[in-house]
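Novice: To start, I am sharing the structure in question, which I have written as structure tokens.
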Amino acid sequence: MAALSTLILLLCAAKNVMPSSPHWKPTWPSYRVPVILPQSTLNLDKPQFDAEARLEVVSPCGPACHKSSPLPTYEEVKNYLSYETLYANGSLTETEVGIYILSSGSDGSRGRSRTKRQIYGYDSRFSIFGKDFLLNYPFSTSVKLSTGCTGTLVAEKHVLTAAHCIHDGKSYVKGAQKLRVGFLKPKQKDGGKGSNITNSAMPEKMKFQWIRVKRTHVPKGWIKGNANDIGMDYDYALLELKKPHKRKFMKIGVSPPARHLPGGRIHFSGYDNDRPGNLVYRFCDVKDETYDLLYQQCDAQPGASGSGVYVRMWKRQNHKWERKIIGIFSGHQWVDMNGTPQDFNVAVRITPLKYAQICYWIKGNYLDCREG
């Protein structure tokens with residue numbers, strides 16, 4: 001019974017909401033997140049790597065359907081947050097986790113694409129050109145996966161992306177064992193001294209420099225489920241690179257309620273398939289939300305899957321503005337709204353539980369993951 005009570009605490013609405021005042025700034029809430037720790041690890045058979053990479057996922061269950069679905073039990077949540085780890089040599093392990101509340105200040109709340117991504121009326125995406133933008137924060141945190149998706153730098157050696165870019169829910173995709181992450185860099189120019197003189201009207205040509213992935217973490221909530229059930233809630237994965245990337249990265253944060261986002265708006269950049277070689281930036285309003293998902297109509301195409309969804313808010317403790325990743329762009333979804341089909345793009349929210357899990361994957365120490 002105590003475990004079930006703990007789960008109910010985790011699924012309640014977040015506290016520490018932001019006050020309203022004439023001089024109010026959109027401020028990052030202070031979350032006390034739960035602790036997720038490995039309990040046991042089991043070696044699995046090497047995967048076949050026979051799935052086709054899909055750059056989007058589909059689900060018919062929309063916001064109303066999702067909100068009316070029953071709350072998961074404590075044991076179900078533990079199962080969803082257990083995870084598989086794929087190593088570069090092809091070996092695979094499964095890790096069971098435990099969930100713990102170390103203080104009474106814990107917070108939480110509760111909470112699923114057809115055909116190719118469409119553009120909503122006027123295409124509001126912006127292609128980012130020139131090294132002065134591409135190589136500077138926050139655009140420099142966006143990277144390309146060799147399976148065709150996008151990822152975001154969230155630590156010195158870690159990239160956050162969508163699980164479906166690595167695993168189709170049943171099997172690892174072709175190329176997942178030799179997965180690489182691409183960083184845009186200027187092409188080396190030929191010639192002598194004058195070779196650095198370029199036509200300012202022409203964007204500088206860029207190329208990808210690739211780094212191999214050492215290991216990949218995928219939650220069992222994605223592997224055991226599917227996008228028609230609970231799986232889209234857990235469409236995220238963390239990649240550890242074989243060496244540091246030496247770029248500024250963006251921290252992860254717990255996703256605040258949509259009404260507390262600056263202007264109710266989110267941002268993300270990705271490598272959309274219809275603009276090969278270009279980094280594409282967009283922003284838009286959040287239309288609806290569940291505990292696990294954000295529904296919005298940001299223009300996007302396949303290839304943008306796995307992009308880190310971020311916002312910029314005031315960090316009261318540090319007295320400065322700070323951008324954080326609060327979600328992972330998953331894909332497109334058709335929803336039956338009172339008999340009328342309506343389409344959304346869907347992002348997976350970083351909840352307190354997911355924050356605790358991803359942070360532990362990155363740091364390997366729960367003491368560094370207590371503040372969301």
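Order determines the names: the first chain of the structure tokens is A, the second B, and so forth; residues in each chain are numbered 1 upward, and ligands are numbered 1 upward as they are shown.
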Go through segment 226-313 of chain A and flag each residue having an atom no more than 10 Å from segment 162-180 of chain A; for those, report the closest pair of atoms plus their distance in Å to one decimal, using only C-alpha atoms, ordered by chain and rising number, as CSV.

Specialist:
```
residue,atom,partner,partner_atom,distance
A:Asn226,CA,A:Gly169,CA,6.0
A:Ala227,CA,A:Gly169,CA,8.4
A:Gly231,CA,A:Gly169,CA,7.9
A:Met232,CA,A:His164,CA,9.1
A:Tyr234,CA,A:Ala163,CA,7.6
A:Asp235,CA,A:Ala163,CA,4.7
A:Tyr236,CA,A:Ala162,CA,4.1
A:Ala237,CA,A:Ala163,CA,4.7
A:Leu238,CA,A:Ala163,CA,8.3
A:Leu239,CA,A:Leu179,CA,9.3
A:Leu241,CA,A:Arg180,CA,8.4
A:Lys242,CA,A:Arg180,CA,9.8
A:Gly303,CA,A:Cys165,CA,9.4
A:Ala304,CA,A:Ala162,CA,9.9
A:Ser305,CA,A:Ala162,CA,6.5
A:Gly306,CA,A:Ala162,CA,4.2
A:Ser307,CA,A:Ala162,CA,7.7
A:Gly308,CA,A:Ala162,CA,9.1
```

Novice: Please indicate the distance in Å from atom CA of Phe183 of chain A to atom CA of Gly270 of chain A, rounded to one decimal place.

Specialist: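 Between atom CA of Phe183 of chain A and atom CA of Gly270 of chain A the gap is 12.3 Å.
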
Novice: Given only C-alpha atoms as the basis, pick out the residue of A:Val57, A:Gly148, A:Gly364, A:Glu371 nearest to Gln317 of chain A.

Specialist: A:Glu371

Novice: Rounded to one decimal place, report the atom CA of Ile99 of chain A-atom CA of Tyr80 of chain A distance in Å.

Specialist: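 Between atom CA of Ile99 of chain A and atom CA of Tyr80 of chain A the gap works out to 11.5 Å.
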
Novice: Go through A:Val33, A:Lys157, A:Leu261, A:Ala64 and flag the residue nearest Lys243 of chain A, using only C-alpha atoms for the distances.

Specialist: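 Closest to Lys243 of chain A, using only C-alpha atoms: A:Lys157.
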